[in-house]
file structure_8.pdb (PDB, C-alpha atoms)
ATOM      1  CA  GLU A 251      77.592  78.940 105.487
ATOM      2  CA  THR A 252      78.424  81.597 108.061
ATOM      3  CA  GLY A 253      76.398  83.023 110.868
ATOM      4  CA  ASN A 254      75.021  79.877 112.498
ATOM      5  CA  GLY A 255      76.891  80.666 115.724
ATOM      6  CA  ARG A 256      78.851  77.401 115.979
ATOM      7  CA  LEU A 257      82.498  77.833 117.047
ATOM      8  CA  VAL A 258      84.691  76.144 114.435
ATOM      9  CA  TRP A 259      88.176  76.716 115.920
ATOM     10  CA  THR A 260      90.361  79.094 117.933
ATOM     11  CA  PHE A 261      94.021  80.003 117.603
ATOM     12  CA  GLN A 262      96.238  81.206 120.451
ATOM     13  CA  SER A 263      98.947  83.668 119.351
ATOM     14  CA  HIS A 264     101.727  85.135 121.488
ATOM     15  CA  GLY A 265     100.736  88.708 120.655
ATOM     16  CA  VAL A 266      97.634  90.830 120.364
ATOM     17  CA  PRO A 267      96.107  91.014 116.853
ATOM     18  CA  VAL A 268      96.754  94.480 115.376
ATOM     19  CA  ALA A 269      94.933  94.187 112.040
ATOM     20  CA  SER A 270      91.788  92.533 110.763
ATOM     21  CA  PRO A 271      92.491  88.978 109.632
ATOM     22  CA  ALA A 272      92.450  88.370 105.876
ATOM     23  CA  ALA A 273      91.330  85.152 104.184
ATOM     24  CA  ASP A 274      91.856  83.670 100.752
ATOM     25  CA  ASP A 275      92.167  80.242  99.123
ATOM     26  CA  GLY A 276      91.480  78.218 102.283
ATOM     27  CA  ARG A 277      93.932  80.202 104.408
ATOM     28  CA  VAL A 278      93.546  82.848 107.114
ATOM     29  CA  PHE A 279      96.279  85.447 107.687
ATOM     30  CA  LEU A 280      96.718  87.206 111.012
ATOM     31  CA  ALA A 281      99.146  89.972 112.078
ATOM     32  CA  THR A 282     100.051  90.506 115.729
ATOM     33  CA  GLU A 283     102.463  92.882 117.454
ATOM     34  CA  SER A 284     105.557  91.133 116.046
ATOM     35  CA  GLU A 285     104.451  88.140 113.957
ATOM     36  CA  THR A 286     102.334  87.243 110.949
ATOM     37  CA  PHE A 287     100.588  83.866 110.835
ATOM     38  CA  CYS A 288      98.971  81.722 108.169
ATOM     39  CA  LEU A 289      96.313  79.283 109.373
ATOM     40  CA  ASP A 290      94.253  76.630 107.658
ATOM     41  CA  ALA A 291      90.757  78.151 107.322
ATOM     42  CA  GLN A 292      88.914  74.907 108.150
ATOM     43  CA  SER A 293      90.968  73.657 111.107
ATOM     44  CA  GLY A 294      92.820  76.719 112.438
ATOM     45  CA  LYS A 295      96.062  74.710 112.212
ATOM     46  CA  LEU A 296      99.224  76.828 111.951
ATOM     47  CA  LEU A 297     100.682  76.572 108.432
ATOM     48  CA  TRP A 298     103.521  79.087 108.908
ATOM     49  CA  ARG A 299     104.690  81.969 111.086
ATOM     50  CA  PHE A 300     106.904  84.930 110.125
ATOM     51  CA  MET A 301     108.624  87.120 112.744
ATOM     52  CA  THR A 302     108.200  90.706 111.502
ATOM     53  CA  GLY A 303     110.227  92.228 114.351
ATOM     54  CA  ALA A 304     107.929  95.246 114.441
ATOM     55  CA  MET A 305     104.201  95.838 114.644
ATOM     56  CA  ALA A 306     101.940  95.733 111.605
ATOM     57  CA  ILE A 307     100.580  99.239 111.102
ATOM     58  CA  SER A 308      98.426  98.330 108.102
ATOM     59  CA  ASN A 309      95.754  95.933 107.057
ATOM     60  CA  LEU A 310      96.891  92.752 105.294
ATOM     61  CA  ALA A 311      96.522  92.962 101.510
ATOM     62  CA  LEU A 312      96.300  89.730  99.524
ATOM     63  CA  ARG A 313      97.335  89.353  95.890
ATOM     64  CA  GLY A 314      97.562  85.841  94.442
ATOM     65  CA  ASN A 315     100.296  84.151  96.457
ATOM     66  CA  GLN A 316     101.379  87.351  98.213
ATOM     67  CA  VAL A 317     100.525  88.807 101.603
ATOM     68  CA  VAL A 318     101.550  92.475 101.849
ATOM     69  CA  LEU A 319     101.729  94.516 105.048
ATOM     70  CA  VAL A 320     103.440  97.605 106.453
ATOM     71  CA  ILE A 321     105.395  97.273 109.704
ATOM     72  CA  GLY A 322     106.741 100.028 111.934
ATOM     73  CA  GLY A 323     106.383 101.575 115.337
ATOM     74  CA  GLU A 324     106.825 104.746 117.329
ATOM     75  CA  GLY A 325     110.091 106.429 116.286
ATOM     76  CA  LEU A 326     110.866 103.783 113.634
ATOM     77  CA  LEU A 327     110.952 103.918 109.873
ATOM     78  CA  SER A 328     108.289 101.730 108.346
ATOM     79  CA  ASN A 329     108.790  98.935 105.823
ATOM     80  CA  THR A 330     106.374  97.517 103.305
ATOM     81  CA  MET A 331     106.858  93.768 103.164
ATOM     82  CA  SER A 332     105.638  91.062 100.810
ATOM     83  CA  LEU A 333     105.456  87.470 102.040
ATOM     84  CA  ASP A 334     104.832  84.320 100.013
ATOM     85  CA  ALA A 335     101.317  83.268 101.088
ATOM     86  CA  ARG A 336     102.175  79.571 100.633
ATOM     87  CA  THR A 337     105.412  79.450 102.669
ATOM     88  CA  GLY A 338     105.736  82.672 104.686
ATOM     89  CA  ASP A 339     109.089  83.466 103.018
ATOM     90  CA  ARG A 340     109.888  87.141 102.469
ATOM     91  CA  VAL A 341     109.513  88.072  98.774
ATOM     92  CA  TRP A 342     110.634  91.711  99.166
ATOM     93  CA  SER A 343     110.843  94.488 101.735
ATOM     94  CA  VAL A 344     111.203  98.211 101.029
ATOM     95  CA  SER A 345     111.456 101.267 103.233
ATOM     96  CA  SER A 346     108.208 103.211 103.417
ATOM     97  CA  GLY A 347     109.629 106.273 105.154
ATOM     98  CA  GLU A 348     108.203 107.793 108.318
ATOM     99  CA  THR A 349     105.956 105.657 110.431
ATOM    100  CA  SER A 350     102.392 106.826 110.527
ATOM    101  CA  ALA A 351      99.920 105.729 113.132
ATOM    102  CA  ARG A 352      98.185 103.722 110.425
ATOM    103  CA  THR A 353      98.704 102.900 106.764
ATOM    104  CA  ASN A 354      95.955 101.555 104.541
ATOM    105  CA  ILE A 355      96.952  99.277 101.648
ATOM    106  CA  TYR A 356      95.353  97.590  98.648
ATOM    107  CA  ALA A 357      96.941  95.115  96.268
ATOM    108  CA  THR A 358      95.986  94.712  92.613
ATOM    109  CA  ASN A 359      97.474  92.672  89.786
ATOM    110  CA  GLY A 360     100.171  95.257  89.121
ATOM    111  CA  ASN A 361     100.612  97.426  92.198
ATOM    112  CA  VAL A 362     100.383  97.712  95.952
ATOM    113  CA  TYR A 363      98.781 101.044  96.918
ATOM    114  CA  LEU A 364      99.598 102.668 100.264
ATOM    115  CA  CYS A 365      98.101 105.645 102.019
ATOM    116  CA  GLY A 366     100.029 106.790 105.096
ATOM    117  CA  THR A 367     101.411 109.957 106.646
ATOM    118  CA  ASP A 368     100.816 112.744 104.108
ATOM    119  CA  GLN A 369     101.398 110.519 101.077
ATOM    120  CA  LEU A 370      99.926 108.140  98.529
ATOM    121  CA  ARG A 371     102.272 105.580  97.011
ATOM    122  CA  ALA A 372     102.128 102.725  94.562
ATOM    123  CA  LEU A 373     104.748  99.982  94.524
ATOM    124  CA  ALA A 374     105.201  97.333  91.829
ATOM    125  CA  ALA A 375     103.596  94.209  93.319
ATOM    126  CA  ASP A 376     106.303  91.781  92.145
ATOM    127  CA  SER A 377     109.355  93.835  93.202
ATOM    128  CA  GLY A 378     108.300  96.564  95.635
ATOM    129  CA  LEU A 379     109.879  99.197  93.378
ATOM    130  CA  PRO A 380     108.159 102.614  93.509
ATOM    131  CA  ASP A 381     105.700 103.238  90.697
ATOM    132  CA  PHE A 382     103.945 106.397  91.898
ATOM    133  CA  GLU A 383     104.240 108.760  94.850
ATOM    134  CA  VAL A 384     102.541 112.022  95.720
ATOM    135  CA  GLU A 385     102.549 114.085  98.906
ATOM    136  CA  ILE A 386      99.133 115.134 100.175
ATOM    137  CA  PRO A 387      99.204 116.969 103.523
ATOM    138  CA  GLY A 388      96.533 115.700 105.893
ATOM    139  CA  VAL A 389      95.548 112.673 103.821
ATOM    140  CA  LEU A 390      93.438 110.214 105.824
ATOM    141  CA  PRO A 391      94.677 106.618 105.346
ATOM    142  CA  GLU A 392      91.267 105.079 106.047
ATOM    143  CA  THR A 393      89.779 106.934 103.030
ATOM    144  CA  LEU A 394      91.978 105.229 100.402
ATOM    145  CA  THR A 395      89.712 103.639  97.808
ATOM    146  CA  LEU A 396      90.480 101.970  94.484
ATOM    147  CA  THR A 397      88.218 101.420  91.522
ATOM    148  CA  GLU A 398      89.191  99.834  88.201
ATOM    149  CA  SER A 399      90.396 103.214  86.945
ATOM    150  CA  TYR A 400      90.918 105.520  89.903
ATOM    151  CA  MET A 401      92.636 105.920  93.258
ATOM    152  CA  LEU A 402      90.811 108.252  95.649
ATOM    153  CA  ALA A 403      91.642 109.609  99.103
ATOM    154  CA  GLY A 404      90.204 112.294 101.342
ATOM    155  CA  THR A 405      92.003 114.806 103.539
ATOM    156  CA  GLN A 406      91.514 116.600 106.832
ATOM    157  CA  ASN A 407      90.819 119.834 104.908
ATOM    158  CA  ARG A 408      87.721 118.238 103.305
ATOM    159  CA  LYS A 409      89.219 117.627  99.849
ATOM    160  CA  VAL A 410      89.052 114.383  97.894
ATOM    161  CA  TYR A 411      91.907 113.623  95.498
ATOM    162  CA  CYS A 412      91.316 111.374  92.494
ATOM    163  CA  TYR A 413      94.182 109.928  90.455
ATOM    164  CA  GLY A 414      93.763 107.919  87.243
ATOM    165  CA  GLU A 415      95.954 105.978  84.916
TER     166      GLU A 415
END

call {"tool": "encode", "arguments": {"input": "structure_8.pdb", "output": "structure tokens"}}
result
Amino acid sequence: ETGNGRLVWTFQSHGVPVASPAADDGRVFLATESETFCLDAQSGKLLWRFMTGAMAISNLALRGNQVVLVIGGEGLLSNTMSLDARTGDRVWSVSSGETSARTNIYATNGNVYLCGTDQLRALAADSGLPDFEVEIPGVLPETLTLTESYMLAGTQNRKVYCYGE
């Protein structure tokens, strides 16, 4: 049960958290300025740590035994990276092009969907290979939404784009 106000554990990282933590299957995942951590959800004990070398500029997306995030920074190209949720080993890493201030991502059974600077992309979840890409000037990363059949995103010019299978 949550919400009773009792502190269960704390974890001290070396960097400032830059994305909301994600949790699944008894584990908590946390991204800081240059590292990604996996903690035991009940004890807060460190299970693994991965040095990303750059800041996470996305939320953490979970898919089975994968943790997917986008890393980058001012003046850097960004990379979309998949880590094994059990071990912290890198599964794949692909260039995501220009770094945006923020990229929003979702993971499904088949794809990882990204919304960043002026583009929507889908990458194959097991390999990181591109599956779909479209340029949309002024797209707002925080508006990316997935349903069972559609991918939607809004833009600065007040349009909503809807893509289906």

call {"tool": "residues_around", "arguments": {"input": "structure_8.pdb", "residues": "segment 351-363 of chain A", "least_positions_apart": "5", "cutoff": "10 Å", "atoms": "all atoms listed in the file", "output": "PyMOL selection string"}}
result
chain A and resi 306-314+316-324+328+330+332+369-383+390-396+398+401

call {"tool": "write_last_selection", "arguments": {"input": "structure_8.pdb", "atoms": "C-alpha atoms", "output": "short mmCIF file (atom, residue, chain, number, x, y, z; two decimals), in the coordinates of the input"}}
result
data_model
loop_
_atom_site.label_atom_id
_atom_site.label_comp_id
_atom_site.auth_asym_id
_atom_site.auth_seq_id
_atom_site.Cartn_x
_atom_site.Cartn_y
_atom_site.Cartn_z
CA ALA A 306 101.94 95.73 111.60
CA ILE A 307 100.58 99.24 111.10
CA SER A 308 98.43 98.33 108.10
CA ASN A 309 95.75 95.93 107.06
CA LEU A 310 96.89 92.75 105.29
CA ALA A 311 96.52 92.96 101.51
CA LEU A 312 96.30 89.73 99.52
CA ARG A 313 97.34 89.35 95.89
CA GLY A 314 97.56 85.84 94.44
CA GLN A 316 101.38 87.35 98.21
CA VAL A 317 100.52 88.81 101.60
CA VAL A 318 101.55 92.48 101.85
CA LEU A 319 101.73 94.52 105.05
CA VAL A 320 103.44 97.60 106.45
CA ILE A 321 105.40 97.27 109.70
CA GLY A 322 106.74 100.03 111.93
CA GLY A 323 106.38 101.58 115.34
CA GLU A 324 106.82 104.75 117.33
CA SER A 328 108.29 101.73 108.35
CA THR A 330 106.37 97.52 103.30
CA SER A 332 105.64 91.06 100.81
CA GLN A 369 101.40 110.52 101.08
CA LEU A 370 99.93 108.14 98.53
CA ARG A 371 102.27 105.58 97.01
CA ALA A 372 102.13 102.72 94.56
CA LEU A 373 104.75 99.98 94.52
CA ALA A 374 105.20 97.33 91.83
CA ALA A 375 103.60 94.21 93.32
CA ASP A 376 106.30 91.78 92.14
CA SER A 377 109.36 93.84 93.20
CA GLY A 378 108.30 96.56 95.64
CA LEU A 379 109.88 99.20 93.38
CA PRO A 380 108.16 102.61 93.51
CA ASP A 381 105.70 103.24 90.70
CA PHE A 382 103.94 106.40 91.90
CA GLU A 383 104.24 108.76 94.85
CA LEU A 390 93.44 110.21 105.82
CA PRO A 391 94.68 106.62 105.35
CA GLU A 392 91.27 105.08 106.05
CA THR A 393 89.78 106.93 103.03
CA LEU A 394 91.98 105.23 100.40
CA THR A 395 89.71 103.64 97.81
CA LEU A 396 90.48 101.97 94.48
CA GLU A 398 89.19 99.83 88.20
CA MET A 401 92.64 105.92 93.26
#

call {"tool": "closest_residue", "arguments": {"input": "structure_8.pdb", "among": "A:Ala335, A:Leu257, A:Ala281, A:Leu326", "to": "Gly294 of chain A", "atoms": "all atoms listed in the file"}}
result
A:Leu257

call {"tool": "axis_aligned_box", "arguments": {"input": "structure_8.pdb", "around": "segment 315-332 of chain A", "padding_each_side": "8 Å", "output": "AutoDock Vina command-line options"}}
result
--center_x 105.6 --center_y 95.3 --center_z 106.9 --size_x 26.7 --size_y 38.3 --size_z 36.9

call {"tool": "atom_distance", "arguments": {"input": "structure_8.pdb", "atom1": "atom CA of Leu364 of chain A", "atom2": "atom CA of Val344 of chain A"}}
result
12.5 Å

call {"tool": "resolve_selection", "arguments": {"input": "structure_8.pdb", "expression": "the PyMOL selection byres ((chain A and resi 414) around 9)", "output": "list of chain:residue names"}}
result
A:Ser399, A:Tyr400, A:Met401, A:Leu402, A:Cys412, A:Tyr413, A:Glu415

call {"tool": "resolve_selection", "arguments": {"input": "structure_8.pdb", "expression": "the PyMOL selection byres ((chain A and resi 405) around 10)", "output": "VMD selection string"}}
result
chain A and resid 368 386 to 391 393 403 to 404 406 to 411

call {"tool": "residues_around", "arguments": {"input": "structure_8.pdb", "residues": "Val258 of chain A", "least_positions_apart": "4", "cutoff": "10 Å", "atoms": "all atoms listed in the file", "output": "list in words"}}
result
Ala291, Gln292, Ser293 and Gly294 of chain A

call {"tool": "write_last_selection", "arguments": {"input": "structure_8.pdb", "atoms": "C-alpha atoms", "output": "compact mmCIF listing (two decimals), in the frame of the given file"}}
result
# COMPACT_ATOMS: atom_id res chain seq x y z
CA ALA A 291 90.76 78.15 107.32
CA GLN A 292 88.91 74.91 108.15
CA SER A 293 90.97 73.66 111.11
CA GLY A 294 92.82 76.72 112.44

call {"tool": "atom_distance", "arguments": {"input": "structure_8.pdb", "atom1": "atom CA of Glu385 of chain A", "atom2": "atom CA of Ala269 of chain A"}}
result
25.0 Å

call {"tool": "atom_distance", "arguments": {"input": "structure_8.pdb", "atom1": "atom CA of Leu327 of chain A", "atom2": "atom CA of Gly347 of chain A"}}
result
5.4 Å

call {"tool": "resolve_selection", "arguments": {"input": "structure_8.pdb", "expression": "the PyMOL selection byres ((chain A and resi 284) around 6)", "output": "JSON, numbers by chain"}}
result
{"A": [282, 283, 285, 302, 303, 304, 305]}
